[in-house]
file upload-v2.pdb (PDB, C-alpha atoms, pLDDT in the B column)
ATOM      1  CA  GLN A 183       0.484  28.556  27.313  1.00 86.00           C
ATOM      2  CA  VAL A 184       0.025  26.348  24.254  1.00 93.00           C
ATOM      3  CA  ARG A 185      -3.086  24.374  23.331  1.00 95.00           C
ATOM      4  CA  LEU A 186      -3.222  21.587  20.741  1.00 96.00           C
ATOM      5  CA  VAL A 187      -6.513  20.270  19.373  1.00 96.00           C
ATOM      6  CA  GLU A 188      -6.587  17.173  17.169  1.00 96.00           C
ATOM      7  CA  SER A 189      -9.368  16.223  14.766  1.00 96.00           C
ATOM      8  CA  GLY A 190     -10.012  13.810  11.918  1.00 97.00           C
ATOM      9  CA  GLY A 191      -9.960  10.448  13.638  1.00 96.00           C
ATOM     10  CA  GLY A 192     -12.575   7.790  13.079  1.00 97.00           C
ATOM     11  CA  LEU A 193     -13.326   4.315  11.777  1.00 98.00           C
ATOM     12  CA  VAL A 194     -11.885   3.242   8.442  1.00 98.00           C
ATOM     13  CA  GLN A 195     -11.585  -0.054   6.603  1.00 98.00           C
ATOM     14  CA  PRO A 196      -8.197  -1.651   5.960  1.00 98.00           C
ATOM     15  CA  GLY A 197      -6.569  -0.036   2.946  1.00 98.00           C
ATOM     16  CA  GLY A 198      -8.426   3.211   3.519  1.00 98.00           C
ATOM     17  CA  SER A 199      -7.181   6.698   4.287  1.00 98.00           C
ATOM     18  CA  LEU A 200      -7.637   9.348   6.943  1.00 98.00           C
ATOM     19  CA  ARG A 201      -6.209  12.804   7.482  1.00 98.00           C
ATOM     20  CA  LEU A 202      -5.602  14.061  10.990  1.00 98.00           C
ATOM     21  CA  SER A 203      -5.252  17.735  11.836  1.00 98.00           C
ATOM     22  CA  CYS A 204      -3.743  19.448  14.853  1.00 97.00           C
ATOM     23  CA  ALA A 205      -4.435  23.111  15.433  1.00 96.00           C
ATOM     24  CA  ALA A 206      -2.144  24.972  17.805  1.00 94.00           C
ATOM     25  CA  SER A 207      -2.945  28.142  19.691  1.00 94.00           C
ATOM     26  CA  GLY A 208      -1.165  30.247  22.250  1.00 92.00           C
ATOM     27  CA  ASN A 209       2.459  31.317  22.445  1.00 88.00           C
ATOM     28  CA  ILE A 210       3.914  29.466  19.449  1.00 84.00           C
ATOM     29  CA  PHE A 211       7.509  30.235  18.532  1.00 84.00           C
ATOM     30  CA  SER A 212       8.636  30.220  14.915  1.00 78.00           C
ATOM     31  CA  ALA A 213      11.215  27.528  15.645  1.00 79.00           C
ATOM     32  CA  ASN A 214       9.701  24.308  16.932  1.00 88.00           C
ATOM     33  CA  MET A 215       9.202  20.677  16.145  1.00 92.00           C
ATOM     34  CA  GLN A 216       5.795  19.089  15.791  1.00 94.00           C
ATOM     35  CA  GLY A 217       4.886  15.469  15.601  1.00 96.00           C
ATOM     36  CA  TRP A 218       2.358  12.707  15.872  1.00 98.00           C
ATOM     37  CA  TYR A 219       2.545   9.808  18.287  1.00 98.00           C
ATOM     38  CA  ARG A 220       0.161   6.943  18.884  1.00 98.00           C
ATOM     39  CA  GLN A 221      -0.710   4.577  21.680  1.00 98.00           C
ATOM     40  CA  ALA A 222      -2.529   1.299  21.255  1.00 97.00           C
ATOM     41  CA  PRO A 223      -4.187  -0.487  24.200  1.00 92.00           C
ATOM     42  CA  GLY A 224      -1.587  -2.186  26.380  1.00 94.00           C
ATOM     43  CA  LYS A 225       1.319  -0.664  24.456  1.00 96.00           C
ATOM     44  CA  GLU A 226       3.666   2.250  24.988  1.00 97.00           C
ATOM     45  CA  ARG A 227       3.246   5.517  23.122  1.00 97.00           C
ATOM     46  CA  GLU A 228       5.310   5.450  19.931  1.00 97.00           C
ATOM     47  CA  LEU A 229       6.521   7.933  17.377  1.00 97.00           C
ATOM     48  CA  VAL A 230       4.588   8.183  14.113  1.00 98.00           C
ATOM     49  CA  ALA A 231       6.123  11.245  12.440  1.00 98.00           C
ATOM     50  CA  THR A 232       7.871  14.517  13.182  1.00 97.00           C
ATOM     51  CA  ILE A 233       8.409  17.707  11.222  1.00 96.00           C
ATOM     52  CA  THR A 234      10.589  20.703  11.976  1.00 93.00           C
ATOM     53  CA  SER A 235       9.563  24.295  11.380  1.00 90.00           C
ATOM     54  CA  GLY A 236      11.774  24.128   8.289  1.00 90.00           C
ATOM     55  CA  GLY A 237       9.934  21.109   6.916  1.00 93.00           C
ATOM     56  CA  LEU A 238      12.354  18.279   7.665  1.00 96.00           C
ATOM     57  CA  THR A 239      10.447  15.064   8.342  1.00 97.00           C
ATOM     58  CA  ASN A 240      11.135  11.783  10.084  1.00 97.00           C
ATOM     59  CA  TYR A 241       9.188   8.498  10.127  1.00 98.00           C
ATOM     60  CA  PRO A 242       9.698   5.067  11.651  1.00 98.00           C
ATOM     61  CA  ASP A 243       9.805   2.140   9.235  1.00 97.00           C
ATOM     62  CA  SER A 244       6.333   1.012  10.317  1.00 96.00           C
ATOM     63  CA  VAL A 245       4.646   3.978   8.589  1.00 98.00           C
ATOM     64  CA  LYS A 246       7.258   5.125   6.058  1.00 97.00           C
ATOM     65  CA  GLY A 247       5.747   5.317   2.588  1.00 97.00           C
ATOM     66  CA  ARG A 248       2.179   5.245   3.924  1.00 98.00           C
ATOM     67  CA  PHE A 249       1.975   8.304   6.204  1.00 98.00           C
ATOM     68  CA  THR A 250       2.884  11.892   5.379  1.00 98.00           C
ATOM     69  CA  ILE A 251       3.251  14.707   7.879  1.00 98.00           C
ATOM     70  CA  SER A 252       2.967  18.325   6.772  1.00 97.00           C
ATOM     71  CA  ARG A 253       2.452  21.696   8.373  1.00 94.00           C
ATOM     72  CA  ASP A 254       0.930  25.057   7.538  1.00 93.00           C
ATOM     73  CA  ASN A 255       2.927  27.524   9.619  1.00 90.00           C
ATOM     74  CA  PRO A 256       0.642  30.584   9.132  1.00 91.00           C
ATOM     75  CA  LYS A 257      -2.332  28.458  10.243  1.00 93.00           C
ATOM     76  CA  LYS A 258      -0.308  26.850  13.062  1.00 92.00           C
ATOM     77  CA  THR A 259      -1.659  23.504  11.945  1.00 94.00           C
ATOM     78  CA  VAL A 260       0.064  20.177  11.359  1.00 96.00           C
ATOM     79  CA  TYR A 261      -1.462  17.338   9.352  1.00 98.00           C
ATOM     80  CA  LEU A 262      -0.992  13.603   9.141  1.00 98.00           C
ATOM     81  CA  GLN A 263      -2.142  11.971   5.916  1.00 98.00           C
ATOM     82  CA  MET A 264      -2.511   8.250   6.499  1.00 98.00           C
ATOM     83  CA  ASN A 265      -2.902   5.933   3.505  1.00 98.00           C
ATOM     84  CA  SER A 266      -3.053   2.157   3.138  1.00 98.00           C
ATOM     85  CA  LEU A 267      -4.170   1.856   6.730  1.00 98.00           C
ATOM     86  CA  LYS A 268      -3.782  -1.471   8.505  1.00 98.00           C
ATOM     87  CA  PRO A 269      -5.537  -2.892  11.580  1.00 97.00           C
ATOM     88  CA  GLU A 270      -2.278  -2.501  13.506  1.00 97.00           C
ATOM     89  CA  ASP A 271      -2.506   1.269  12.966  1.00 98.00           C
ATOM     90  CA  THR A 272      -5.457   1.308  15.377  1.00 98.00           C
ATOM     91  CA  ALA A 273      -4.575   3.577  18.293  1.00 98.00           C
ATOM     92  CA  VAL A 274      -5.173   6.936  19.904  1.00 98.00           C
ATOM     93  CA  TYR A 275      -3.137   9.474  17.950  1.00 98.00           C
ATOM     94  CA  TYR A 276      -1.623  12.413  19.809  1.00 98.00           C
ATOM     95  CA  CYS A 277      -0.298  15.670  18.452  1.00 97.00           C
ATOM     96  CA  ASN A 278       2.902  16.973  20.004  1.00 95.00           C
ATOM     97  CA  LEU A 279       4.736  20.304  19.897  1.00 95.00           C
ATOM     98  CA  ARG A 280       8.194  20.880  21.287  1.00 93.00           C
ATOM     99  CA  GLN A 281       9.751  24.318  21.617  1.00 91.00           C
ATOM    100  CA  ILE A 282      12.815  25.264  23.633  1.00 86.00           C
ATOM    101  CA  THR A 283      12.592  22.913  26.617  1.00 87.00           C
ATOM    102  CA  THR A 284       8.840  22.406  26.806  1.00 92.00           C
ATOM    103  CA  THR A 285       6.707  19.700  25.205  1.00 94.00           C
ATOM    104  CA  TYR A 286       2.963  20.034  24.756  1.00 95.00           C
ATOM    105  CA  TRP A 287       0.398  17.330  23.963  1.00 97.00           C
ATOM    106  CA  GLY A 288      -3.080  17.300  22.551  1.00 96.00           C
ATOM    107  CA  GLN A 289      -5.927  15.274  24.001  1.00 96.00           C
ATOM    108  CA  GLY A 290      -5.734  12.577  21.333  1.00 97.00           C
ATOM    109  CA  THR A 291      -8.031  11.306  18.606  1.00 97.00           C
ATOM    110  CA  GLN A 292      -9.054   7.680  18.093  1.00 98.00           C
ATOM    111  CA  VAL A 293      -8.221   5.931  14.836  1.00 98.00           C
ATOM    112  CA  THR A 294      -9.760   2.501  14.325  1.00 98.00           C
ATOM    113  CA  VAL A 295      -8.924   0.380  11.289  1.00 98.00           C
ATOM    114  CA  SER A 296     -11.362  -2.494  10.983  1.00 97.00           C
ATOM    115  CA  SER A 297     -13.618  -4.202   8.478  1.00 95.00           C
TER     116      SER A 297
END
call {"tool": "encode", "arguments": {"input": "upload-v2.pdb", "output": "structure tokens"}}
result
Amino acid sequence: QVRLVESGGGLVQPGGSLRLSCAASGNIFSANMQGWYRQAPGKERELVATITSGGLTNYPDSVKGRFTISRDNPKKTVYLQMNSLKPEDTAVYYCNLRQITTTYWGQGTQVTVSS
């Protein structure tokens, strides 16, 4: 079994920064894809960023240039550096790990961008 635990969420003013972390434990294979998704109230969960075990990244236009995903494979941890945050970035952020045919999710961490 795989467990994902997110941390680093909180309240930040517009234009500020936060770094989210996601620590994985359990049966983690060397080849996998990890990512961050978010869900705002009344909206569907959406992709924020993904990264392969080889370091290839992908971002939607809404966060490109502001967010950076990275991973530390020995620590089994993935990070999301979020800069120039906007009120519309407010959401619960979920960590995701996909290996072979199984997808795992963390419990989520709240990010609120407000003055």
call {"tool": "closest_residue", "arguments": {"input": "upload-v2.pdb", "among": "A:Ser296, A:Thr285, A:Gln183, A:Ser207", "to": "Asn255 (chain A)", "atoms": "all atoms listed in the file"}}
result
A:Ser207
call {"tool": "resolve_selection", "arguments": {"input": "upload-v2.pdb", "expression": "the PyMOL selection byres ((chain A and resi 244) around 10)", "output": "ChimeraX atom specification"}}
result
/A:229-230,241-243,245-249,270-271
call {"tool": "atom_distance", "arguments": {"input": "upload-v2.pdb", "atom1": "CA of Asp254 (chain A)", "atom2": "CA of Thr272 (chain A)"}}
result
25.8 Å
call {"tool": "residues_around", "arguments": {"input": "upload-v2.pdb", "residues": "Gly288 (chain A)", "least_positions_apart": "4", "cutoff": "10 Å", "atoms": "all atoms listed in the file", "output": "VMD selection string"}}
result
chain A and resid 184 to 188 204 to 206 218 275 to 279
call {"tool": "atom_distance", "arguments": {"input": "upload-v2.pdb", "atom1": "CA of Lys257 (chain A)", "atom2": "CA of Ile233 (chain A)"}}
result
15.2 Å
call {"tool": "resolve_selection", "arguments": {"input": "upload-v2.pdb", "expression": "the PyMOL selection byres ((chain A and resi 268) around 7)", "output": "count of residues only"}}
result
8
call {"tool": "closest_residue", "arguments": {"input": "upload-v2.pdb", "among": "A:Gln289, A:Ala231, A:Leu262, A:Leu200", "to": "Tyr219 (chain A)", "atoms": "all atoms listed in the file"}}
result
A:Ala231
call {"tool": "atom_distance", "arguments": {"input": "upload-v2.pdb", "atom1": "CA of Asn214 (chain A)", "atom2": "CA of Thr283 (chain A)"}}
result
10.2 Å
call {"tool": "decode", "arguments": {"input": "upload-v2.pdb", "residues": "region 236-251 of chain A", "atoms": "N, CA and C atoms", "output": "PDB file, in the first residue's frame"}}
result
ATOM      1  N   GLY A 236      11.712  10.562 -14.147  1.00  0.00           N
ATOM      2  CA  GLY A 236      12.887  11.080 -14.837  1.00  0.00           C
ATOM      3  C   GLY A 236      12.995  12.591 -14.817  1.00  0.00           C
ATOM      4  N   GLY A 237      11.988  13.264 -14.255  1.00  0.00           N
ATOM      5  CA  GLY A 237      12.055  14.709 -14.112  1.00  0.00           C
ATOM      6  C   GLY A 237      11.336  15.520 -15.163  1.00  0.00           C
ATOM      7  N   LEU A 238      10.608  14.887 -16.059  1.00  0.00           N
ATOM      8  CA  LEU A 238       9.849  15.636 -17.062  1.00  0.00           C
ATOM      9  C   LEU A 238       8.610  16.239 -16.405  1.00  0.00           C
ATOM     10  N   THR A 239       8.367  17.514 -16.668  1.00  0.00           N
ATOM     11  CA  THR A 239       7.270  18.222 -16.012  1.00  0.00           C
ATOM     12  C   THR A 239       6.219  18.690 -17.011  1.00  0.00           C
ATOM     13  N   ASN A 240       5.026  18.943 -16.468  1.00  0.00           N
ATOM     14  CA  ASN A 240       3.923  19.430 -17.285  1.00  0.00           C
ATOM     15  C   ASN A 240       3.058  20.344 -16.433  1.00  0.00           C
ATOM     16  N   TYR A 241       2.635  21.483 -17.033  1.00  0.00           N
ATOM     17  CA  TYR A 241       1.803  22.453 -16.313  1.00  0.00           C
ATOM     18  C   TYR A 241       0.695  22.966 -17.225  1.00  0.00           C
ATOM     19  N   PRO A 242      -0.462  23.260 -16.685  1.00  0.00           N
ATOM     20  CA  PRO A 242      -1.470  23.957 -17.490  1.00  0.00           C
ATOM     21  C   PRO A 242      -1.088  25.434 -17.590  1.00  0.00           C
ATOM     22  N   ASP A 243      -1.661  26.128 -18.536  1.00  0.00           N
ATOM     23  CA  ASP A 243      -1.331  27.535 -18.750  1.00  0.00           C
ATOM     24  C   ASP A 243      -1.626  28.393 -17.522  1.00  0.00           C
ATOM     25  N   SER A 244      -2.613  27.991 -16.732  1.00  0.00           N
ATOM     26  CA  SER A 244      -3.032  28.803 -15.588  1.00  0.00           C
ATOM     27  C   SER A 244      -1.940  28.966 -14.526  1.00  0.00           C
ATOM     28  N   VAL A 245      -0.982  28.039 -14.475  1.00  0.00           N
ATOM     29  CA  VAL A 245       0.066  28.128 -13.449  1.00  0.00           C
ATOM     30  C   VAL A 245       1.466  28.182 -14.050  1.00  0.00           C
ATOM     31  N   LYS A 246       1.574  28.007 -15.357  1.00  0.00           N
ATOM     32  CA  LYS A 246       2.887  27.966 -16.009  1.00  0.00           C
ATOM     33  C   LYS A 246       3.628  29.275 -15.760  1.00  0.00           C
ATOM     34  N   GLY A 247       4.878  29.154 -15.343  1.00  0.00           N
ATOM     35  CA  GLY A 247       5.684  30.335 -15.052  1.00  0.00           C
ATOM     36  C   GLY A 247       5.587  30.800 -13.608  1.00  0.00           C
ATOM     37  N   ARG A 248       4.588  30.297 -12.884  1.00  0.00           N
ATOM     38  CA  ARG A 248       4.421  30.694 -11.475  1.00  0.00           C
ATOM     39  C   ARG A 248       4.684  29.523 -10.527  1.00  0.00           C
ATOM     40  N   PHE A 249       4.314  28.320 -10.945  1.00  0.00           N
ATOM     41  CA  PHE A 249       4.466  27.127 -10.107  1.00  0.00           C
ATOM     42  C   PHE A 249       5.587  26.254 -10.656  1.00  0.00           C
ATOM     43  N   THR A 250       6.289  25.582  -9.747  1.00  0.00           N
ATOM     44  CA  THR A 250       7.345  24.659 -10.130  1.00  0.00           C
ATOM     45  C   THR A 250       7.223  23.382  -9.314  1.00  0.00           C
ATOM     46  N   ILE A 251       7.134  22.261 -10.013  1.00  0.00           N
ATOM     47  CA  ILE A 251       7.094  20.968  -9.338  1.00  0.00           C
ATOM     48  C   ILE A 251       8.490  20.355  -9.384  1.00  0.00           C
TER      49      ILE A 251
END
